[in-house]
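S.K.: As input, take input-v6.cif (mmCIF, C-alpha atoms):
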```
data_structure
#
loop_
_atom_site.label_atom_id
_atom_site.label_comp_id
_atom_site.auth_asym_id
_atom_site.auth_seq_id
_atom_site.Cartn_x
_atom_site.Cartn_y
_atom_site.Cartn_z
CA MET H 1287 -51.26 -57.67 -101.84
CA THR H 1288 -48.06 -56.21 -100.34
CA ALA H 1289 -47.55 -52.52 -101.10
CA GLU H 1290 -44.49 -51.51 -103.08
CA PRO H 1291 -41.82 -49.85 -100.94
CA GLU H 1292 -41.55 -46.07 -101.14
CA GLU H 1293 -38.49 -44.73 -102.95
CA CYS H 1294 -36.51 -41.92 -101.36
CA LEU H 1295 -33.40 -39.97 -102.40
CA VAL H 1296 -31.55 -38.82 -99.26
CA THR H 1297 -29.46 -35.70 -99.86
CA THR H 1298 -29.54 -33.76 -96.55
CA ALA H 1299 -28.60 -34.41 -92.94
CA ALA H 1300 -32.26 -34.06 -91.93
CA GLU H 1301 -33.34 -36.68 -94.46
CA LEU H 1302 -30.57 -38.98 -93.27
CA ALA H 1303 -31.82 -38.65 -89.68
CA VAL H 1304 -35.32 -39.69 -90.80
CA CYS H 1305 -33.82 -42.64 -92.68
CA CYS H 1306 -31.85 -43.77 -89.61
CA THR H 1307 -34.94 -43.52 -87.41
CA HIS H 1308 -36.75 -45.85 -89.78
CA LEU H 1309 -33.82 -48.29 -90.03
CA ALA H 1310 -33.50 -48.49 -86.24
CA GLY H 1311 -36.77 -50.43 -86.13
CA CYS H 1312 -36.04 -52.76 -89.06
CA PRO H 1313 -34.71 -56.27 -88.34
CA ARG H 1314 -33.83 -56.92 -92.03
CA ILE H 1315 -31.90 -54.35 -94.08
CA GLY H 1316 -30.64 -54.73 -97.64
CA LEU H 1317 -27.39 -52.90 -98.40
CA ASP H 1318 -25.41 -52.02 -101.51
CA ILE H 1319 -22.86 -49.32 -102.28
CA GLU H 1320 -21.54 -47.66 -105.41
CA PHE H 1321 -17.89 -46.69 -105.32
CA VAL H 1322 -14.97 -45.77 -107.55
CA GLY H 1323 -11.80 -47.69 -106.72
CA GLU H 1324 -9.32 -47.09 -109.51
CA ASP H 1325 -8.16 -43.62 -108.41
CA HIS H 1326 -7.74 -44.16 -104.68
CA TYR H 1327 -6.15 -46.47 -102.12
CA HIS H 1328 -9.49 -46.81 -100.32
CA PRO H 1329 -12.45 -46.90 -102.74
CA GLN H 1330 -14.30 -43.59 -102.88
CA LEU H 1331 -17.86 -44.03 -101.65
CA CYS H 1332 -20.32 -42.48 -104.10
CA LEU H 1333 -23.73 -43.86 -103.10
CA VAL H 1334 -25.30 -45.99 -100.38
CA GLN H 1335 -28.48 -47.91 -101.17
CA VAL H 1336 -30.66 -49.40 -98.46
CA ALA H 1337 -33.79 -51.52 -98.61
CA THR H 1338 -36.44 -52.35 -96.00
CA PRO H 1339 -39.89 -53.83 -96.66
CA GLU H 1340 -41.36 -50.30 -96.55
CA GLN H 1341 -38.60 -48.08 -97.97
CA LEU H 1342 -35.89 -47.97 -100.61
CA TYR H 1343 -33.24 -45.31 -99.96
CA VAL H 1344 -30.49 -43.90 -102.13
CA ILE H 1345 -28.17 -41.93 -99.82
CA ASP H 1346 -25.82 -39.34 -101.32
CA PRO H 1347 -22.66 -39.34 -99.15
CA PHE H 1348 -21.44 -36.17 -100.87
CA SER H 1349 -24.20 -34.04 -99.36
CA VAL H 1350 -25.69 -35.66 -96.24
CA GLY H 1351 -22.73 -35.03 -93.95
CA PRO H 1352 -21.00 -37.60 -91.71
CA LEU H 1353 -22.29 -41.16 -91.96
CA GLU H 1354 -20.77 -42.53 -88.73
CA ASP H 1355 -24.16 -42.84 -86.98
CA PHE H 1356 -25.60 -44.64 -90.00
CA TRP H 1357 -22.81 -47.24 -90.02
CA LYS H 1358 -23.02 -47.74 -86.23
CA LEU H 1359 -26.75 -48.35 -86.57
CA LEU H 1360 -26.22 -50.80 -89.39
CA VAL H 1361 -23.78 -52.99 -87.43
CA SER H 1362 -25.66 -52.84 -84.12
CA PRO H 1363 -27.29 -56.03 -82.75
CA GLY H 1364 -30.79 -56.82 -83.93
CA HIS H 1365 -30.23 -56.07 -87.61
CA GLN H 1366 -29.66 -58.64 -90.34
CA VAL H 1367 -27.73 -56.97 -93.18
CA ILE H 1368 -28.36 -58.54 -96.58
CA VAL H 1369 -25.72 -58.03 -99.29
CA HIS H 1370 -24.66 -59.57 -102.56
CA ALA H 1371 -20.92 -60.30 -102.85
CA GLY H 1372 -20.53 -57.88 -99.96
CA ARG H 1373 -16.77 -57.65 -99.51
CA GLU H 1374 -16.64 -53.88 -99.95
CA GLU H 1375 -19.77 -53.38 -97.84
CA VAL H 1376 -18.21 -55.32 -94.95
CA ARG H 1377 -14.88 -53.53 -95.36
CA LEU H 1378 -16.59 -50.13 -95.33
CA CYS H 1379 -18.62 -51.03 -92.23
CA ARG H 1380 -15.42 -51.99 -90.44
CA ARG H 1381 -13.56 -48.88 -91.51
CA ALA H 1382 -16.41 -46.55 -90.53
CA SER H 1383 -17.61 -48.20 -87.32
CA GLY H 1384 -14.82 -50.54 -86.21
CA GLN H 1385 -16.87 -53.69 -86.67
CA ALA H 1386 -18.65 -55.86 -89.22
CA PRO H 1387 -22.43 -56.28 -89.31
CA ASP H 1388 -23.68 -58.24 -86.31
CA LYS H 1389 -25.61 -60.61 -88.58
CA LEU H 1390 -24.69 -60.84 -92.27
CA PHE H 1391 -26.44 -62.70 -95.09
CA ASP H 1392 -24.52 -62.81 -98.36
CA LEU H 1393 -26.76 -63.80 -101.25
CA GLN H 1394 -23.91 -64.94 -103.50
CA ILE H 1395 -22.62 -67.42 -100.90
CA ALA H 1396 -26.13 -68.65 -100.11
CA ALA H 1397 -26.83 -69.22 -103.82
CA GLY H 1398 -23.75 -71.44 -104.02
CA LEU H 1399 -24.87 -73.46 -101.00
CA VAL H 1400 -28.18 -74.32 -102.65
CA GLY H 1401 -26.72 -75.17 -106.05
CA LEU H 1402 -27.65 -72.10 -108.07
CA GLY H 1403 -24.03 -71.39 -109.06
CA TYR H 1404 -21.03 -69.65 -107.56
CA PRO H 1405 -20.00 -66.92 -107.98
CA LEU H 1406 -23.33 -65.80 -109.41
CA GLY H 1407 -23.93 -62.16 -110.33
CA HIS H 1408 -26.79 -60.12 -108.91
CA GLY H 1409 -28.63 -59.84 -112.23
CA PRO H 1410 -28.56 -63.58 -113.02
CA LEU H 1411 -29.65 -64.39 -109.46
CA VAL H 1412 -32.62 -62.01 -109.71
CA GLY H 1413 -33.47 -63.59 -113.06
CA GLN H 1414 -33.26 -67.18 -111.78
CA LEU H 1415 -35.26 -66.70 -108.60
CA LEU H 1416 -37.64 -63.85 -109.42
CA GLY H 1417 -37.88 -63.89 -113.22
CA VAL H 1418 -36.93 -60.20 -113.44
CA HIS H 1419 -34.49 -58.85 -116.03
CA LEU H 1420 -32.32 -56.04 -114.68
CA SER H 1421 -30.90 -53.33 -116.92
CA LYS H 1422 -27.11 -53.12 -117.29
CA VAL H 1423 -27.13 -49.63 -118.81
CA GLU H 1424 -25.36 -47.96 -115.88
CA THR H 1425 -22.79 -50.70 -115.18
CA LEU H 1426 -19.87 -48.42 -116.08
CA THR H 1427 -21.47 -45.14 -115.01
CA GLU H 1428 -19.47 -42.33 -113.39
CA TRP H 1429 -20.98 -42.27 -109.90
CA ARG H 1430 -19.00 -39.21 -108.77
CA HIS H 1431 -20.81 -36.82 -111.10
CA ARG H 1432 -23.71 -34.74 -109.82
CA PRO H 1433 -26.59 -34.30 -110.29
CA LEU H 1434 -27.51 -37.97 -110.60
CA THR H 1435 -29.68 -38.82 -113.59
CA SER H 1436 -33.03 -40.58 -113.25
CA SER H 1437 -31.47 -43.60 -114.97
CA GLN H 1438 -28.67 -43.74 -112.39
CA ILE H 1439 -31.12 -43.49 -109.51
CA ARG H 1440 -33.31 -46.24 -111.00
CA TYR H 1441 -30.27 -48.48 -111.44
CA ALA H 1442 -29.14 -47.82 -107.87
CA LEU H 1443 -32.59 -48.59 -106.49
CA ASP H 1444 -32.78 -51.83 -108.47
CA ASP H 1445 -29.53 -52.95 -106.86
CA VAL H 1446 -31.35 -53.23 -103.51
CA ARG H 1447 -34.98 -53.55 -104.61
CA TYR H 1448 -34.91 -57.36 -104.63
CA LEU H 1449 -32.41 -58.14 -101.86
CA LEU H 1450 -35.03 -58.95 -99.21
CA ASP H 1451 -37.04 -61.18 -101.55
CA LEU H 1452 -33.88 -63.00 -102.60
CA GLU H 1453 -32.90 -63.56 -98.96
CA ALA H 1454 -36.35 -64.95 -98.17
CA GLN H 1455 -36.21 -67.45 -101.02
CA LEU H 1456 -32.62 -68.52 -100.35
CA SER H 1457 -33.28 -68.88 -96.62
CA GLN H 1458 -36.24 -71.10 -97.43
CA ARG H 1459 -34.05 -73.32 -99.62
CA LEU H 1460 -31.30 -73.44 -96.99
CA THR H 1461 -33.88 -74.51 -94.42
CA SER H 1462 -35.30 -77.18 -96.72
CA LEU H 1463 -31.79 -78.57 -97.31
CA LYS H 1464 -30.91 -78.22 -93.60
CA ARG H 1465 -27.98 -75.94 -94.44
CA GLN H 1466 -28.68 -72.89 -92.29
CA ALA H 1467 -25.65 -73.77 -90.14
CA TRP H 1468 -23.52 -74.13 -93.28
CA ALA H 1469 -24.52 -70.64 -94.35
CA GLU H 1470 -23.75 -69.14 -90.94
CA GLU H 1471 -20.33 -70.81 -91.01
CA GLU H 1472 -19.59 -69.41 -94.46
CA PHE H 1473 -20.77 -65.90 -93.57
CA THR H 1474 -18.53 -65.92 -90.49
CA ARG H 1475 -15.56 -67.14 -92.53
CA PHE H 1476 -16.26 -64.52 -95.19
CA ILE H 1477 -16.26 -61.69 -92.64
CA ALA H 1478 -13.02 -62.97 -91.09
CA ASP H 1479 -11.35 -63.00 -94.52
CA VAL H 1480 -12.22 -59.37 -95.29
CA SER H 1481 -9.38 -57.08 -94.32
CA ILE H 1482 -10.16 -53.58 -93.05
CA ASP H 1483 -7.10 -52.35 -94.94
CA GLY H 1484 -6.62 -52.16 -98.66
CA PRO H 1485 -6.35 -55.40 -100.60
CA ALA H 1486 -2.61 -54.97 -101.17
CA LEU H 1487 -1.81 -56.27 -97.68
CA GLU H 1488 -3.82 -59.46 -97.99
CA ASN H 1489 -2.19 -62.85 -98.52
CA ALA H 1490 1.43 -61.65 -98.86
CA LYS H 1491 0.79 -60.23 -102.32
CA TRP H 1492 4.35 -59.02 -102.62
CA ARG H 1493 5.23 -62.62 -103.50
CA LYS H 1494 3.04 -62.37 -106.59
CA LEU H 1495 5.06 -59.61 -108.25
CA LYS H 1496 6.25 -60.56 -111.70
CA GLY H 1497 9.97 -61.36 -111.76
CA ILE H 1498 10.29 -62.15 -108.08
CA GLY H 1499 11.23 -65.78 -108.75
CA SER H 1500 14.75 -64.77 -109.82
CA LEU H 1501 15.64 -63.02 -106.53
CA ASP H 1502 17.70 -64.41 -103.65
CA ARG H 1503 16.68 -64.20 -99.99
CA ARG H 1504 18.28 -60.81 -99.36
CA ARG H 1505 16.59 -59.23 -102.35
CA LEU H 1506 13.29 -60.84 -101.41
CA ALA H 1507 13.59 -59.07 -98.06
CA ILE H 1508 14.18 -55.82 -99.94
CA VAL H 1509 11.09 -56.34 -102.07
CA ARG H 1510 9.01 -57.10 -98.98
CA GLU H 1511 10.21 -53.92 -97.27
CA LEU H 1512 9.68 -51.81 -100.40
CA PHE H 1513 6.20 -53.24 -100.83
CA ALA H 1514 5.28 -52.38 -97.23
CA TRP H 1515 6.62 -48.83 -97.61
CA ARG H 1516 4.71 -48.36 -100.85
CA ASP H 1517 1.47 -49.54 -99.27
CA GLU H 1518 1.83 -47.16 -96.32
CA GLU H 1519 2.64 -44.27 -98.66
CA ALA H 1520 -0.33 -45.11 -100.89
CA ALA H 1521 -2.64 -45.19 -97.87
CA ARG H 1522 -1.28 -41.83 -96.67
CA LEU H 1523 -1.83 -40.26 -100.08
CA ASN H 1524 -5.06 -42.22 -100.73
CA ARG H 1525 -3.75 -43.29 -104.12
CA PRO H 1526 -3.50 -46.71 -105.79
CA PRO H 1527 -0.13 -48.26 -104.81
CA ARG H 1528 1.02 -48.74 -108.40
CA THR H 1529 0.79 -44.98 -108.99
CA VAL H 1530 3.33 -44.41 -106.21
CA VAL H 1531 5.91 -46.90 -107.51
CA ARG H 1532 5.19 -49.43 -110.26
CA ASP H 1533 5.46 -53.15 -109.53
CA ASP H 1534 8.33 -53.68 -111.98
CA LEU H 1535 10.32 -50.87 -110.35
CA LEU H 1536 10.13 -52.60 -106.95
CA ILE H 1537 11.86 -55.60 -108.52
CA GLU H 1538 14.38 -53.37 -110.30
CA ILE H 1539 15.28 -51.55 -107.07
CA ALA H 1540 15.78 -54.87 -105.29
CA ARG H 1541 18.08 -56.06 -108.06
CA ARG H 1542 20.16 -52.87 -107.88
CA ASN H 1543 20.32 -52.97 -104.05
CA PRO H 1544 21.08 -49.22 -103.87
CA THR H 1545 23.11 -47.62 -101.08
CA LYS H 1546 22.66 -43.94 -101.99
CA ASP H 1547 19.77 -41.79 -103.20
CA ARG H 1548 21.52 -41.01 -106.47
CA ASP H 1549 21.73 -44.73 -107.27
CA LEU H 1550 18.01 -44.50 -107.97
CA HIS H 1551 18.05 -41.26 -109.96
CA VAL H 1552 18.96 -43.22 -113.09
CA VAL H 1553 15.93 -45.53 -112.84
CA ARG H 1554 13.47 -44.49 -115.54
CA GLY H 1555 9.90 -43.98 -114.31
CA LEU H 1556 10.84 -43.54 -110.64
CA ALA H 1557 10.03 -40.22 -108.93
CA LYS H 1558 13.21 -38.77 -107.39
CA ARG H 1559 11.26 -37.50 -104.37
CA HIS H 1560 10.83 -41.11 -103.23
CA ALA H 1561 14.53 -42.01 -103.50
CA ARG H 1562 15.44 -41.30 -99.87
CA ASP H 1563 12.52 -43.33 -98.47
CA LEU H 1564 13.21 -46.19 -100.86
CA VAL H 1565 16.88 -46.37 -99.92
CA ALA H 1566 15.89 -46.32 -96.24
CA ALA H 1567 13.58 -49.29 -96.89
CA VAL H 1568 16.41 -51.11 -98.66
CA GLU H 1569 18.71 -50.45 -95.71
CA ARG H 1570 16.16 -51.89 -93.27
CA ALA H 1571 16.04 -55.07 -95.30
CA ARG H 1572 19.82 -55.15 -95.64
CA ALA H 1573 20.20 -54.96 -91.86
CA LEU H 1574 18.17 -58.13 -91.28
CA PRO H 1575 19.98 -61.36 -90.38
CA LEU H 1576 19.79 -63.73 -93.31
CA GLU H 1577 17.61 -66.18 -91.37
CA GLN H 1578 14.95 -63.45 -91.09
CA CYS H 1579 14.89 -62.93 -94.85
CA PRO H 1580 12.08 -64.73 -96.68
CA ARG H 1581 12.92 -67.94 -98.47
CA PRO H 1582 12.13 -68.25 -102.17
CA ALA H 1583 8.72 -69.80 -102.70
CA GLU H 1584 8.92 -73.50 -103.33
CA ARG H 1585 7.98 -74.36 -106.86
CA ASP H 1586 5.49 -77.13 -107.43
CA ARG H 1587 7.51 -80.28 -107.89
CA ASP H 1588 4.64 -82.69 -107.60
CA PRO H 1589 4.91 -86.04 -109.35
CA SER H 1590 2.78 -86.18 -112.49
CA GLN H 1591 0.28 -88.47 -110.79
CA VAL H 1592 -0.70 -85.72 -108.35
CA ALA H 1593 -2.16 -83.58 -111.13
CA LEU H 1594 -3.94 -86.64 -112.49
CA VAL H 1595 -5.51 -87.52 -109.13
CA VAL H 1596 -6.47 -83.89 -108.54
CA SER H 1597 -8.32 -83.93 -111.88
CA VAL H 1598 -10.18 -87.08 -110.83
CA LEU H 1599 -11.11 -85.65 -107.42
CA ASN H 1600 -12.28 -82.39 -108.98
CA ALA H 1601 -14.60 -84.44 -111.19
CA VAL H 1602 -15.80 -86.43 -108.18
CA LEU H 1603 -16.43 -83.17 -106.30
CA GLN H 1604 -18.44 -81.79 -109.23
CA ASP H 1605 -20.54 -84.97 -109.35
CA PHE H 1606 -21.00 -84.87 -105.56
CA ALA H 1607 -22.10 -81.23 -105.68
CA VAL H 1608 -24.66 -81.78 -108.44
CA ARG H 1609 -26.24 -84.69 -106.55
CA ARG H 1610 -26.58 -82.58 -103.39
CA GLN H 1611 -27.70 -79.26 -104.90
CA LEU H 1612 -24.38 -77.57 -104.20
CA SER H 1613 -22.05 -75.49 -106.32
CA ALA H 1614 -18.67 -77.23 -106.42
CA SER H 1615 -16.80 -73.92 -106.53
CA VAL H 1616 -18.27 -72.84 -103.18
CA VAL H 1617 -17.07 -76.11 -101.63
CA ALA H 1618 -13.41 -75.95 -102.62
CA THR H 1619 -10.92 -74.65 -105.17
CA SER H 1620 -8.59 -76.84 -107.19
CA SER H 1621 -5.79 -75.72 -104.84
CA ASP H 1622 -7.80 -77.01 -101.87
CA VAL H 1623 -8.19 -80.37 -103.60
CA LYS H 1624 -4.47 -80.43 -104.43
CA GLU H 1625 -3.67 -79.83 -100.75
CA LEU H 1626 -5.78 -82.87 -99.86
CA VAL H 1627 -4.04 -85.07 -102.44
CA ARG H 1628 -0.54 -83.93 -101.42
CA THR H 1629 -1.06 -84.58 -97.71
CA HIS H 1630 -2.56 -87.99 -98.44
CA MET H 1631 0.34 -88.90 -100.71
CA VAL H 1632 3.04 -88.09 -98.14
CA GLY H 1633 1.02 -89.19 -95.12
CA THR H 1634 0.96 -85.85 -93.28
CA GLU H 1635 -1.83 -84.00 -91.49
CA LEU H 1636 -3.77 -81.27 -93.23
CA PRO H 1637 -2.59 -77.75 -92.28
CA GLU H 1638 -4.34 -76.21 -89.29
CA ASP H 1639 -5.92 -73.50 -91.47
CA SER H 1640 -7.15 -75.95 -94.12
CA ILE H 1641 -10.82 -75.69 -95.07
CA TRP H 1642 -11.01 -79.48 -94.70
CA ARG H 1643 -10.22 -79.43 -90.99
CA ARG H 1644 -13.56 -78.23 -89.61
CA GLY H 1645 -17.19 -77.43 -90.29
CA TRP H 1646 -19.54 -78.84 -92.88
CA ARG H 1647 -16.78 -79.63 -95.37
CA ALA H 1648 -15.02 -81.87 -92.84
CA GLU H 1649 -18.26 -83.60 -91.89
CA PHE H 1650 -20.04 -83.99 -95.21
CA VAL H 1651 -17.54 -83.59 -98.06
CA LEU H 1652 -14.15 -84.80 -96.88
CA PRO H 1653 -15.26 -88.40 -96.18
CA GLU H 1654 -16.56 -88.71 -99.76
CA LEU H 1655 -13.25 -87.58 -101.26
CA ARG H 1656 -11.16 -89.66 -98.86
CA ASP H 1657 -13.08 -92.81 -99.76
CA ILE H 1658 -11.87 -92.33 -103.35
CA LEU H 1659 -8.32 -91.43 -102.29
CA GLU H 1660 -8.05 -94.43 -99.99
CA GLY H 1661 -9.50 -96.88 -102.50
CA LYS H 1662 -12.61 -97.62 -100.46
CA ARG H 1663 -14.86 -96.85 -103.41
CA ALA H 1664 -14.40 -97.23 -107.14
CA ILE H 1665 -15.82 -94.99 -109.86
CA ARG H 1666 -17.61 -96.11 -112.97
CA ILE H 1667 -19.61 -94.30 -115.59
CA GLY H 1668 -23.32 -94.48 -114.85
CA ASP H 1669 -25.92 -92.52 -116.79
CA LEU H 1670 -24.23 -90.22 -119.32
CA ALA H 1671 -27.50 -88.35 -119.79
CA CYS H 1672 -27.39 -87.31 -116.14
CA ASP H 1673 -25.69 -84.17 -114.84
CA ALA H 1674 -24.03 -86.42 -112.23
CA PRO H 1675 -22.91 -89.31 -114.45
CA PHE H 1676 -20.69 -91.22 -112.00
CA ALA H 1677 -21.62 -94.32 -110.08
CA PHE H 1678 -19.64 -95.29 -106.98
CA VAL H 1679 -19.04 -98.90 -106.05
CA PRO H 1680 -17.82 -100.00 -102.60
CA VAL H 1681 -14.52 -101.89 -102.71
CA ASN H 1682 -14.32 -104.97 -100.46
#
```
Is it possible to express this structure as structure tokens?
M.R.:
Amino acid sequence: MTAEPEECLVTTAAELAVCCTHLAGCPRIGLDIEFVGEDHYHPQLCLVQVATPEQLYVIDPFSVGPLEDFWKLLVSPGHQVIVHAGREEVRLCRRASGQAPDKLFDLQIAAGLVGLGYPLGHGPLVGQLLGVHLSKVETLTEWRHRPLTSSQIRYALDDVRYLLDLEAQLSQRLTSLKRQAWAEEEFTRFIADVSIDGPALENAKWRKLKGIGSLDRRRLAIVRELFAWRDEEAARLNRPPRTVVRDDLLIEIARRNPTKDRDLHVVRGLAKRHARDLVAAVERARALPLEQCPRPAERDRDPSQVALVVSVLNAVLQDFAVRRQLSASVVATSSDVKELVRTHMVGTELPEDSIWRRGWRAEFVLPELRDILEGKRAIRIGDLACDAPFAFVPVN
């Protein structure tokens, strides 16, 4: 019978050194963090939890001193880092050490690739695979307060206690389904999608501000410049961007197109100390040639049949996923399916960055959907008692 791992609370630099010495010889390391994100630009790290077959560690970053050596060890070659929905873990590794883990295994992604559901929470995954019910008592706990309670420590330990066992079971299922390469592809894509900076800079989020649809190109350029200034200022102050200048005020400033500091003094809710910097940002946008100003986002003007076909293909994808022990939501989003339908309708190539262009989706999923789009197979209702009720008939 395998011995239970020893539990250890790490609160001093000496204890951290002992922990790192142990981790240096471990090929598989489970990782979780507790952080508070609502009051800062970068989430404030409050706890680091680590699991090996022999040890469970709860590391207190408030008292152990610098963690740079710990993060460098964690991302060094020879260590597989096991996480669950590990976006913040990867981002923190990059910020602290300059790189992501050399070998990452994300349990949430792996669960989707073997049909357990996606996105699936840590507690439900532990319940499904190990039959263990985890407490949710400390879900909304204040991790910045010290000393930590025994309940908090128990909760933190449970967050990593089962990571290695979960990885072993999911890896076995991936191997049985011959999807190890799929998982590696998804882990690599996941790491590439995680920005080292705060989430505000990802995916041109300035375009998602409410009210932006009414602005012309010049004012869109102003919003973009204001948004960039706000993000830099928030990072400098380590505060959430919306506490520097609210979203609605960015739109209001763009509409007013101010030329002097005092033009902004009448805007309710705007700190006067920011007026000079905001006007400078507006002037930078105003100096751009019109062709360098962003165009308004094109509204969806798809014919009604596009939405209908997307609905059909989403159903086909769901049926396909059930038959092959996949979670449809890890394969593609409805927007991905819409992209496929649109390009087929107008006869253009898929965009270079499309998920359908490469990897296991291109090889195993895309042909199934294209057969339906191109009329090579017809759909009929098969067994309604089955989770995958469709039957597909070749068309001569």
S.K.: Given the PyMOL selection byres ((chain H and resi 1308) around 12) and the file above, list the residues it selects as a PyMOL selection string.
M.R.: chain H and resi 1301-1307+1309-1315+1336-1343+1356+1359-1360
S.K.: With the PyMOL selection byres ((chain H and resi 1417-1428) around 12) as the selection, what would be picked from this file? Answer as a ChimeraX atom specification, please.
M.R.: /H:1320-1324,1330-1333,1407-1416,1429-1448,1451-1452
S.K.: Applied to the shown file, which residues does the PyMOL selection byres ((chain H and resi 1328) around 8) return, written as a list in words?
M.R.: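 Taken over the shown coordinates, the PyMOL selection byres ((chain H and resi 1328) around 8) returns Gly1323, His1326, Tyr1327, Pro1329, Gln1330, Gly1484, Ala1521, Asn1524 and Arg1525 of chain H.
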S.K.: Skip Ser1457 in chain H itself and residues of its chain fewer than 5 positions away, then list as a list in words all residues within 9 Å of it, counting all atoms listed in the file.
M.R.: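 Those residues are Ala1396, Leu1452, Ser1462 and Gln1466 of chain H.
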S.K.: Atoms to include: C-alpha atoms. Write the selected residues as a PDB file, keeping the file's coordinate frame.
M.R.:
```pdb
ATOM      1  CA  ALA H1396     -26.130 -68.650-100.110  1.00  0.00           C
ATOM      2  CA  LEU H1452     -33.880 -63.000-102.600  1.00  0.00           C
ATOM      3  CA  SER H1462     -35.300 -77.180 -96.720  1.00  0.00           C
ATOM      4  CA  GLN H1466     -28.680 -72.890 -92.290  1.00  0.00           C
TER       5      GLN H1466
END
```
S.K.: Determine the nearest neighbour of Val1596 in chain H from the options H:Val1623, H:Leu1353, H:Leu1564, H:Ala1386, counting all atoms listed in the file.
M.R.: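 Looking only at the distances to Val1596 in chain H, the closest residue turns out to be H:Val1623.
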S.K.: Quick one, how far is CA of Ala1593 in chain H from CA of Asn1682 in chain H?
M.R.: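 Atom-to-atom, CA of Ala1593 in chain H to CA of Asn1682 in chain H, that is 26.8 Å.
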S.K.: Just give me the gap between CA of Arg1610 in chain H and CA of Leu1594 in chain H in Å, one decimal is fine.
M.R.: 24.7 Å
S.K.: I'd like the neighbourhood of Arg1663 in chain H as a PDB file with C-alpha atoms, in the frame of the given file, where a residue qualifies if any of its atoms comes within 8 Å (using only C-alpha atoms), though same-chain residues fewer than 6 positions away should be ignored.
M.R.:
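After the write, selection-v6.pdb holds the following:
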```
ATOM      1  CA  ASP H1657     -13.080 -92.810 -99.760  1.00  0.00           C
ATOM      2  CA  PHE H1678     -19.640 -95.290-106.980  1.00  0.00           C
ATOM      3  CA  VAL H1679     -19.040 -98.900-106.050  1.00  0.00           C
ATOM      4  CA  PRO H1680     -17.820-100.000-102.600  1.00  0.00           C
ATOM      5  CA  VAL H1681     -14.520-101.890-102.710  1.00  0.00           C
TER       6      VAL H1681
END
```
S.K.: For range 1624-1639 of chain H, take all atoms listed in the file, fit an axis-aligned box around them, add 5 Å to each of the six sides, then output centre and edge lengths in Å rounded to one decimal, as AutoDock Vina command-line options.
M.R.:
```
--center_x -1.4 --center_y -81.3 --center_z -96.9 --size_x 19.0 --size_y 25.7 --size_z 25.1
```
S.K.: How far is it from CA of Gln1578 in chain H to CA of Ala1566 in chain H, in Å with one decimal?
M.R.: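 Atom-to-atom, CA of Gln1578 in chain H and CA of Ala1566 in chain H are spaced 17.9 Å apart.
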S.K.: List the neighbours of Ala1601 in chain H out to 12 Å using only C-alpha atoms; skip same-chain residues closer than 2 positions along the sequence, and give me the result as a list in words.
M.R.: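 Close residues of Ala1601 in chain H: Leu1594, Val1595, Val1596, Ser1597, Val1598, Leu1599, Leu1603, Gln1604, Asp1605, Phe1606, Ala1607, Val1608, Ala1614, Ser1615, Ser1620, Val1623, Leu1655, Ile1658, Ile1665, Ile1667, Asp1673, Ala1674, Pro1675 and Phe1676 of chain H.
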S.K.: Write out as a ChimeraX atom specification which residues come within 6 Å of range 1294-1298 of chain H when counting all atoms listed in the file, dropping same-chain ones fewer than 6 positions away.
M.R.: /H:1343-1346,1349-1350
S.K.: Can you work out which one of H:Ala1583, H:Val1553, H:Leu1450, H:Ile1319 has the shortest atom-to-atom distance to Arg1493 in chain H, counting all atoms listed in the file?
M.R.: H:Ala1583
S.K.: Considering all atoms listed in the file, return as a list in words whatever protein or nucleic-acid residues lie within 7 Å of range 1367-1378 of chain H, sequence-local ones (same chain, fewer than 6 positions apart) excluded.
M.R.: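 After dropping sequence-adjacent residues, the list is Arg1314, Ile1315, Gly1316, Leu1317, Asp1318, Ile1319, Ala1386, Pro1387, Lys1389, Leu1390, Phe1391, Asp1392, Leu1393, Gln1394, His1408, Leu1449, Val1480, Ser1481 and Ile1482 of chain H.
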